[in-house]
Each structure stands twice: as C-alpha cells, then as structure tokens.
Amino acid sequence: MSKRLVVSVVALLAGLTLSSVLGAQTAPSKAAGEEGNPDKWNSIPPIKPAYAGKKSAPAPRRDLSGVWDAAEADGGRQPSGALEHPALMAPRGQGVEGGQPDEKGIMRPLHYTPLGLEALKANKPSGPGVRQVPAALSNDPMDQCDPIGFPRTELYELRTFELVQTANQVIYLNEYFGNFRVIWADGRDLPKNPEPRWNGYSVGKWVDDYTFVVETVGLNPRSWLDHAGRPHSEDLRVEERFHRVDRDNMELTVTVYDPKIYTESWQGLNKFPLHLQPPGFDMPEFLCSPIDMAEYNRQVGNAVLPPSEKK
C-alpha cells in the first residue's frame, strides 16, 4: 500500500481528540442486549449482525426520539464520498490512488455545471478516491478543524446521533465534531435571504404518521458536501426524509438540490438504515483539536511528501 493511501485514510482521524474509551470501537462489539459499558458511560453500539433478525414492535406515531446508530457495515463512514456516489472507478471501486483532476469514469457520476466542475477541481480531497492528493496538500476545511457543516455531517462519518423531540422542534445531536442542529416543526417558513450558517436553517413536517421531511437552506458554501470534495453554492437546498420503519429501525434519505453546481438533483443516502439504541446509551466525544491536527501534519503528513512539495 502506498504512503499516499495510508496517510489519506488516517489523516483526519489522527487530528481528533478522543477519550480513551474510543479505542475500544475497533474491538469486538457486544451482542444485542449487552450494549454499553457497565458504568453507563461512552457506550459502544453493537456491530451490524446484532441487528439481524431482531424482532421489533410497531413504530410509534410521529416520534423520532432516541439515539440512532449508523452501523459501520452499512457504509456510514463514506471515506470516498457520499455513499450513493463514491469517487471510485467502475467496475470494482478502483481509483484509490488518485491523480485525476475530475471524476470521469467513477461508478455513479454526478453531473456538474461548468461552475460546479470548476469548483470541484479547486477542492483537493485526501481520499481515498480518484482525485486524492497527499494529505498535507489537501485543502479540506475539516483539516483545519473548521466546522464540518451540513449535510456533510450525514454524508461523511455518519455514526451515532440523538434526536430530541419537543412540541415545536427536533434537536439533532451528532457525536462527530460535537454538532447540533435545530429543526423547527412549528409551521414557520424558511428564511428568504438567510445569512449563511454551517448547519443552515431547517424546518420539518410530518407527511404521514411515520415520515418526517426536513428542508434546509442557508448553508455556508465554504463547507464541502462530502469527503470527495463535492462543492456547493449558497443556493444549496437539502431534503432529509426520516422514515420510521418500526420501533427499532428508521431509514434516512438525503437529497441535494443545487442548480448552480449540479445539473440535476442527487441522493447522497437512499433509505439508509438506522438502528435505535437502548435507553441510557451515552455518546462519547469525537472532537477536532487544532493543536493535535497541526502536530500530525508536522510529524506525519508533511514527512511523506517529496522534498519539492514540503511546506
């Protein structure tokens, strides 16, 4: 395996400050019914097989509340870009060594406007993917510990998150980078000319007893949509559909609309499975430390570059 690939895969993770328990996330998980640690802190969700064949009660009406896990085996990490459109070559996902200026030949290509293609080429992702560059040459805003932004919170490193439901809001708490969002469900309209925010402005409504649809606008164009460096404009609109299948399972679909950058809408996630965790599940911290990130780049990321490219 090349140094470029090794560095690209671990670049972001090396700059994250985790509590010691997070090292256990790579250890074998407990079976269903044995989730969590004895002291009830820094809980670890089970691996995907624990959910298979598990009987569930009917879904409660108009209720999303709880801690939900995106099992790693279902593809929630998305290191090569949004799950439905990875920046990898057909037919078997080649292209992890990078080197391409654009995404020609990828398995499920996106359709860019001229402005969108120009913006794509300006973003330098660390991969793995067809446009991968050495980690030290990446201009990913996350590598500076900038806020991850929405919808990248769902199109990269989707892990465990909590939904807290009140009479007028759904509050979205994400362990990754300590993100939170407020989704208003009081009937208000989206703002007309919003000042950009990293997580935008969100409103939601129930379209039936088990499907909650969220519309988000006003997103900061400095953020990327995913780890493949897909860009967006200030006109980006994102739709989320949370569909409660039964008590223990939910599906999430994320659709991107941005006619300045893409000639047609596209789905980053399509009925992605989410699994309800038991009461008392405690989400660990997963935060970005600028000091640790800078030290990683000094000792590791910069060290693998050819002398002519070292910063």
# chains A, B, ... in the order shown; residues from 1 in each chain; ligands from 1
$ residues_around --residues "Val182 of chain A" --least-positions-apart "3" --cutoff "7 Å" --atoms "only C-alpha atoms" --output "list in words"
Gln169, Val170, Ile171, Tyr172 and Ser202 of chain A
$ residues_around --residues "Pro194 of chain A" --least-positions-apart "3" --cutoff "9 Å" --atoms "only C-alpha atoms" --output "PyMOL selection string"
chain A and resi 190-191+197+200-201+217-219
$ residues_around --residues "Gly127 of chain A" --least-positions-apart "5" --cutoff "9 Å" --atoms "only C-alpha atoms" --output "PyMOL selection string"
chain A and resi 5+8-9+79-81+87+96-98+132-135+227-229
$ write_last_selection --atoms "all heavy atoms" --output "compact mmCIF listing (two decimals), in the first residue's frame"
# COMPACT_ATOMS: atom_id res chain seq x y z
N LEU A 5 -1.79 6.54 0.15
CA LEU A 5 -3.06 5.96 0.56
C LEU A 5 -3.14 5.85 2.07
O LEU A 5 -4.15 6.18 2.68
CB LEU A 5 -3.24 4.59 -0.07
CG LEU A 5 -4.55 3.85 0.31
CD1 LEU A 5 -5.76 4.69 -0.03
CD2 LEU A 5 -4.59 2.50 -0.37
N SER A 8 -3.70 9.28 3.54
CA SER A 8 -5.00 9.84 3.22
C SER A 8 -6.10 9.25 4.06
O SER A 8 -7.00 9.94 4.49
CB SER A 8 -5.31 9.59 1.73
OG SER A 8 -4.37 10.23 0.92
N VAL A 9 -6.04 7.96 4.31
CA VAL A 9 -7.09 7.31 5.07
C VAL A 9 -7.09 7.75 6.52
O VAL A 9 -8.12 7.93 7.13
CB VAL A 9 -6.94 5.77 4.98
CG1 VAL A 9 -7.92 5.09 5.93
CG2 VAL A 9 -7.19 5.30 3.57
N PRO A 79 -15.77 7.23 3.31
CA PRO A 79 -14.48 7.91 3.13
C PRO A 79 -14.21 8.37 1.71
O PRO A 79 -13.40 9.27 1.50
CB PRO A 79 -13.47 6.84 3.55
CG PRO A 79 -14.15 5.54 3.26
CD PRO A 79 -15.59 5.79 3.60
N SER A 80 -14.88 7.77 0.72
CA SER A 80 -14.64 8.13 -0.69
C SER A 80 -15.74 8.98 -1.28
O SER A 80 -15.85 9.11 -2.50
CB SER A 80 -14.48 6.85 -1.53
OG SER A 80 -13.39 6.09 -1.07
N GLY A 81 -16.54 9.60 -0.42
CA GLY A 81 -17.64 10.42 -0.88
C GLY A 81 -18.98 9.83 -0.49
O GLY A 81 -19.06 8.74 0.06
N ALA A 87 -16.44 8.41 -5.08
CA ALA A 87 -15.50 8.87 -6.10
C ALA A 87 -14.49 7.77 -6.40
O ALA A 87 -13.27 7.93 -6.23
CB ALA A 87 -14.79 10.14 -5.64
N VAL A 96 -8.30 4.44 -5.87
CA VAL A 96 -7.94 4.98 -4.56
C VAL A 96 -6.59 5.68 -4.56
O VAL A 96 -6.25 6.35 -3.59
CB VAL A 96 -7.95 3.87 -3.48
CG1 VAL A 96 -9.34 3.33 -3.28
CG2 VAL A 96 -6.99 2.74 -3.84
N GLU A 97 -5.81 5.53 -5.63
CA GLU A 97 -4.51 6.20 -5.68
C GLU A 97 -4.60 7.63 -6.19
O GLU A 97 -3.62 8.37 -6.19
CB GLU A 97 -3.54 5.40 -6.55
CG GLU A 97 -3.11 4.08 -5.92
CD GLU A 97 -2.34 4.28 -4.62
OE1 GLU A 97 -1.61 5.27 -4.51
OE2 GLU A 97 -2.48 3.45 -3.72
N GLY A 98 -5.78 8.05 -6.64
CA GLY A 98 -5.97 9.44 -7.03
C GLY A 98 -5.27 9.80 -8.33
O GLY A 98 -4.98 8.97 -9.17
N GLN A 132 -7.72 12.03 -5.20
CA GLN A 132 -6.93 12.09 -3.98
C GLN A 132 -5.58 12.76 -4.19
O GLN A 132 -4.89 12.53 -5.18
CB GLN A 132 -6.73 10.66 -3.48
CG GLN A 132 -5.78 10.52 -2.32
CD GLN A 132 -5.67 9.08 -1.91
OE1 GLN A 132 -6.68 8.40 -1.80
NE2 GLN A 132 -4.46 8.59 -1.71
N VAL A 133 -5.20 13.58 -3.20
CA VAL A 133 -3.86 14.17 -3.14
C VAL A 133 -3.24 13.76 -1.81
O VAL A 133 -3.94 13.32 -0.90
CB VAL A 133 -3.91 15.71 -3.26
CG1 VAL A 133 -4.55 16.13 -4.58
CG2 VAL A 133 -4.65 16.32 -2.08
N PRO A 134 -1.91 13.89 -1.66
CA PRO A 134 -1.31 13.64 -0.34
C PRO A 134 -1.99 14.49 0.72
O PRO A 134 -2.37 15.64 0.48
CB PRO A 134 0.15 14.03 -0.54
CG PRO A 134 0.39 13.83 -2.01
CD PRO A 134 -0.89 14.21 -2.68
N ALA A 135 -2.14 13.93 1.91
CA ALA A 135 -2.90 14.60 2.96
C ALA A 135 -2.39 16.00 3.24
O ALA A 135 -3.17 16.92 3.50
CB ALA A 135 -2.86 13.75 4.23
N HIS A 227 -16.51 13.81 1.69
CA HIS A 227 -15.05 13.67 1.79
C HIS A 227 -14.38 13.61 0.43
O HIS A 227 -13.14 13.61 0.34
CB HIS A 227 -14.71 12.41 2.60
CG HIS A 227 -13.32 12.42 3.14
ND1 HIS A 227 -12.81 13.46 3.88
CD2 HIS A 227 -12.31 11.49 3.06
CE1 HIS A 227 -11.57 13.19 4.24
NE2 HIS A 227 -11.23 12.01 3.75
N ALA A 228 -15.16 13.56 -0.66
CA ALA A 228 -14.59 13.61 -2.00
C ALA A 228 -14.46 15.04 -2.51
O ALA A 228 -14.05 15.26 -3.65
CB ALA A 228 -15.46 12.79 -2.97
N GLY A 229 -14.79 16.02 -1.68
CA GLY A 229 -14.63 17.42 -2.06
C GLY A 229 -15.72 17.95 -2.96
O GLY A 229 -15.51 18.92 -3.69
$ residues_around --residues "segment 279-283 of chain A" --least-positions-apart "2" --cutoff "6 Å" --atoms "only C-alpha atoms" --output "list of chain:residue names"
A:Trp41, A:Asn42, A:Ser43
$ write_last_selection --atoms "all heavy atoms" --output "mmCIF file, in the first residue's frame"
data_model
loop_
_atom_site.group_PDB
_atom_site.id
_atom_site.type_symbol
_atom_site.label_atom_id
_atom_site.label_comp_id
_atom_site.auth_asym_id
_atom_site.auth_seq_id
_atom_site.Cartn_x
_atom_site.Cartn_y
_atom_site.Cartn_z
ATOM 1 N N TRP A 41 -21.176 4.844 30.685
ATOM 2 C CA TRP A 41 -20.569 5.983 30.004
ATOM 3 C C TRP A 41 -19.860 5.522 28.738
ATOM 4 O O TRP A 41 -19.350 4.424 28.666
ATOM 5 C CB TRP A 41 -19.585 6.712 30.925
ATOM 6 C CG TRP A 41 -20.229 7.242 32.165
ATOM 7 C CD1 TRP A 41 -20.134 6.735 33.427
ATOM 8 C CD2 TRP A 41 -21.096 8.379 32.248
ATOM 9 N NE1 TRP A 41 -20.884 7.481 34.295
ATOM 10 C CE2 TRP A 41 -21.483 8.500 33.605
ATOM 11 C CE3 TRP A 41 -21.575 9.304 31.326
ATOM 12 C CZ2 TRP A 41 -22.324 9.512 34.058
ATOM 13 C CZ3 TRP A 41 -22.419 10.312 31.774
ATOM 14 C CH2 TRP A 41 -22.792 10.415 33.120
ATOM 15 N N ASN A 42 -19.782 6.450 27.746
ATOM 16 C CA ASN A 42 -19.068 6.180 26.491
ATOM 17 C C ASN A 42 -19.503 4.841 25.881
ATOM 18 O O ASN A 42 -18.702 3.938 25.661
ATOM 19 C CB ASN A 42 -17.555 6.207 26.725
ATOM 20 C CG ASN A 42 -17.063 7.582 27.119
ATOM 21 O OD1 ASN A 42 -17.320 8.558 26.418
ATOM 22 N ND2 ASN A 42 -16.374 7.678 28.237
ATOM 23 N N SER A 43 -20.785 4.742 25.609
ATOM 24 C CA SER A 43 -21.360 3.494 25.120
ATOM 25 C C SER A 43 -20.865 3.167 23.714
ATOM 26 O O SER A 43 -20.530 4.058 22.929
ATOM 27 C CB SER A 43 -22.879 3.594 25.109
ATOM 28 O OG SER A 43 -23.374 3.918 26.388
#
$ closest_residue --among "A:Lys205, A:Arg152, A:Lys192, A:Lys54" --to "Leu225 of chain A" --atoms "only C-alpha atoms"
A:Arg152
$ residues_around --residues "Asp140 of chain A" --least-positions-apart "6" --cutoff "8 Å" --atoms "only C-alpha atoms" --output "short mmCIF file (atom, residue, chain, number, x, y, z; two decimals) with N, CA and C atoms, in the first residue's frame"
data_model
loop_
_atom_site.label_atom_id
_atom_site.label_comp_id
_atom_site.auth_asym_id
_atom_site.auth_seq_id
_atom_site.Cartn_x
_atom_site.Cartn_y
_atom_site.Cartn_z
N ASN A 123 -11.18 21.99 -5.11
CA ASN A 123 -11.14 21.27 -3.84
C ASN A 123 -10.20 20.08 -3.96
N LYS A 124 -9.32 19.91 -3.00
CA LYS A 124 -8.29 18.87 -3.04
C LYS A 124 -8.51 17.89 -1.89
N PRO A 125 -9.25 16.80 -2.14
CA PRO A 125 -9.52 15.85 -1.06
C PRO A 125 -8.36 14.90 -0.82
N SER A 126 -8.30 14.36 0.41
CA SER A 126 -7.23 13.42 0.75
C SER A 126 -7.62 11.98 0.50
N TRP A 224 -17.71 21.52 2.48
CA TRP A 224 -17.84 20.52 1.42
C TRP A 224 -19.04 19.65 1.71
N GLY A 229 -14.79 16.02 -1.68
CA GLY A 229 -14.63 17.42 -2.06
C GLY A 229 -15.72 17.95 -2.96
#
$ atom_distance --atom1 "atom CA of Tyr257 of chain A" --atom2 "atom CA of His243 of chain A"
20.1 Å
$ closest_residue --among "A:Ala50, A:Ala136, A:Val207, A:Leu236" --to "Gln299 of chain A" --atoms "only C-alpha atoms"
A:Ala136
$ select_by_dssp --residues "segment 16-149 of chain A" --states "alpha helix (DSSP H)" --output "VMD selection string"
chain A and resid 114 to 122
$ residues_around --residues "Glu157 of chain A" --least-positions-apart "4" --cutoff "9 Å" --atoms "only C-alpha atoms" --output "list in words"
Gly76, Arg77, Gln78, Pro79, Arg152, Thr153 and Tyr176 of chain A
$ atom_distance --atom1 "atom CA of Gln165 of chain A" --atom2 "atom CA of Val213 of chain A"
14.1 Å
$ residues_around --residues "segment 56-60 of chain A" --least-positions-apart "3" --cutoff "12 Å" --atoms "only C-alpha atoms" --output "ChimeraX atom specification"
/A:51-53,63-66,209-211,243-250,275-276
$ decode --residues "segment 30-152 of chain A" --atoms "C-alpha atoms" --output "tab-separated table (two decimals), in the first residue's frame"
chain	number	residue	atom	x	y	z
A	30	LYS	CA	-21.15	-6.87	22.39
A	31	ALA	CA	-24.17	-8.78	21.20
A	32	ALA	CA	-27.60	-7.16	21.09
A	33	GLY	CA	-28.95	-6.81	24.59
A	34	GLU	CA	-25.46	-6.41	26.06
A	35	GLU	CA	-24.77	-2.93	24.66
A	36	GLY	CA	-22.90	-0.31	26.61
A	37	ASN	CA	-20.28	-0.32	29.32
A	38	PRO	CA	-21.02	-1.36	32.92
A	39	ASP	CA	-20.63	2.20	34.16
A	40	LYS	CA	-23.07	3.53	31.52
A	41	TRP	CA	-20.57	5.98	30.00
A	42	ASN	CA	-19.07	6.18	26.49
A	43	SER	CA	-21.36	3.49	25.12
A	44	ILE	CA	-20.39	1.40	22.11
A	45	PRO	CA	-23.09	0.34	19.62
A	46	PRO	CA	-23.21	-3.29	18.52
A	47	ILE	CA	-21.93	-4.38	15.12
A	48	LYS	CA	-24.40	-4.94	12.29
A	49	PRO	CA	-25.00	-8.71	12.79
A	50	ALA	CA	-26.51	-7.95	16.21
A	51	TYR	CA	-29.42	-6.22	14.47
A	52	ALA	CA	-30.15	-9.04	12.02
A	53	GLY	CA	-33.39	-10.90	12.63
A	54	LYS	CA	-34.19	-8.86	15.73
A	55	LYS	CA	-37.95	-8.68	16.28
A	56	SER	CA	-39.35	-5.22	16.80
A	57	ALA	CA	-42.58	-3.63	17.95
A	58	PRO	CA	-44.61	-1.34	15.67
A	59	ALA	CA	-43.31	2.18	15.18
A	60	PRO	CA	-44.75	4.84	17.47
A	61	ARG	CA	-46.72	7.53	15.67
A	62	ARG	CA	-44.91	10.80	14.88
A	63	ASP	CA	-41.93	10.05	17.06
A	64	LEU	CA	-38.23	10.15	16.06
A	65	SER	CA	-36.77	10.45	19.54
A	66	GLY	CA	-33.87	8.34	20.66
A	67	VAL	CA	-30.22	7.56	19.97
A	68	TRP	CA	-29.73	6.15	16.47
A	69	ASP	CA	-26.71	4.28	15.15
A	70	ALA	CA	-25.49	4.03	11.56
A	71	ALA	CA	-23.77	0.64	11.60
A	72	GLU	CA	-20.30	0.81	10.05
A	73	ALA	CA	-21.01	-2.26	7.90
A	74	ASP	CA	-23.87	-0.40	6.22
A	75	GLY	CA	-21.40	2.16	4.86
A	76	GLY	CA	-21.97	5.20	7.05
A	77	ARG	CA	-18.27	6.17	7.18
A	78	GLN	CA	-18.25	7.16	3.46
A	79	PRO	CA	-14.48	7.91	3.13
A	80	SER	CA	-14.64	8.13	-0.69
A	81	GLY	CA	-17.64	10.42	-0.88
A	82	ALA	CA	-21.40	10.17	-0.40
A	83	LEU	CA	-22.50	6.53	-0.18
A	84	GLU	CA	-24.63	6.62	-3.34
A	85	HIS	CA	-21.89	8.36	-5.38
A	86	PRO	CA	-18.40	7.29	-4.22
A	87	ALA	CA	-15.50	8.87	-6.10
A	88	LEU	CA	-14.21	5.48	-7.21
A	89	MET	CA	-13.87	3.85	-10.62
A	90	ALA	CA	-16.13	1.20	-12.10
A	91	PRO	CA	-16.46	-1.74	-12.00
A	92	ARG	CA	-14.84	-2.70	-8.69
A	93	GLY	CA	-14.12	0.57	-6.95
A	94	GLN	CA	-10.61	1.22	-8.22
A	95	GLY	CA	-9.08	4.68	-8.15
A	96	VAL	CA	-7.94	4.98	-4.56
A	97	GLU	CA	-4.51	6.20	-5.68
A	98	GLY	CA	-5.97	9.44	-7.03
A	99	GLY	CA	-4.29	11.62	-9.63
A	100	GLN	CA	-7.34	12.67	-11.67
A	101	PRO	CA	-8.40	16.32	-11.95
A	102	ASP	CA	-12.09	15.40	-12.17
A	103	GLU	CA	-14.40	12.44	-11.64
A	104	LYS	CA	-14.57	10.95	-15.13
A	105	GLY	CA	-15.19	7.23	-15.06
A	106	ILE	CA	-16.48	6.93	-11.50
A	107	MET	CA	-19.14	4.33	-10.75
A	108	ARG	CA	-22.09	6.68	-10.28
A	109	PRO	CA	-21.09	10.05	-11.70
A	110	LEU	CA	-22.59	13.37	-10.70
A	111	HIS	CA	-23.49	15.92	-13.37
A	112	TYR	CA	-21.81	19.27	-12.87
A	113	THR	CA	-22.45	22.68	-14.38
A	114	PRO	CA	-19.34	24.48	-15.72
A	115	LEU	CA	-19.24	26.45	-12.46
A	116	GLY	CA	-19.64	23.25	-10.49
A	117	LEU	CA	-16.81	21.50	-12.31
A	118	GLU	CA	-14.52	24.47	-11.70
A	119	ALA	CA	-15.41	24.43	-8.00
A	120	LEU	CA	-14.83	20.67	-7.81
A	121	LYS	CA	-11.33	20.97	-9.28
A	122	ALA	CA	-10.46	23.67	-6.72
A	123	ASN	CA	-11.14	21.27	-3.84
A	124	LYS	CA	-8.29	18.87	-3.04
A	125	PRO	CA	-9.52	15.85	-1.06
A	126	SER	CA	-7.23	13.42	0.75
A	127	GLY	CA	-9.26	10.43	-0.41
A	128	PRO	CA	-9.29	7.56	-0.91
A	129	GLY	CA	-10.68	8.44	-4.33
A	130	VAL	CA	-9.89	9.29	-7.93
A	131	ARG	CA	-8.91	12.90	-7.12
A	132	GLN	CA	-6.93	12.09	-3.98
A	133	VAL	CA	-3.86	14.17	-3.14
A	134	PRO	CA	-1.31	13.64	-0.34
A	135	ALA	CA	-2.90	14.60	2.96
A	136	ALA	CA	-0.52	17.51	3.51
A	137	LEU	CA	-1.62	19.06	0.19
A	138	SER	CA	-5.34	18.71	0.86
A	139	ASN	CA	-7.35	21.90	1.35
A	140	ASP	CA	-10.21	20.14	3.15
A	141	PRO	CA	-11.61	22.71	5.63
A	142	MET	CA	-12.04	19.93	8.20
A	143	ASP	CA	-8.27	19.52	8.28
A	144	GLN	CA	-8.12	22.96	9.91
A	145	CYS	CA	-10.85	21.93	12.36
A	146	ASP	CA	-13.41	24.13	10.64
A	147	PRO	CA	-16.98	23.08	11.38
A	148	ILE	CA	-17.92	20.03	9.33
A	149	GLY	CA	-21.18	21.64	8.17
A	150	PHE	CA	-24.41	20.13	6.91
A	151	PRO	CA	-25.08	17.87	5.01
A	152	ARG	CA	-21.53	16.55	5.38
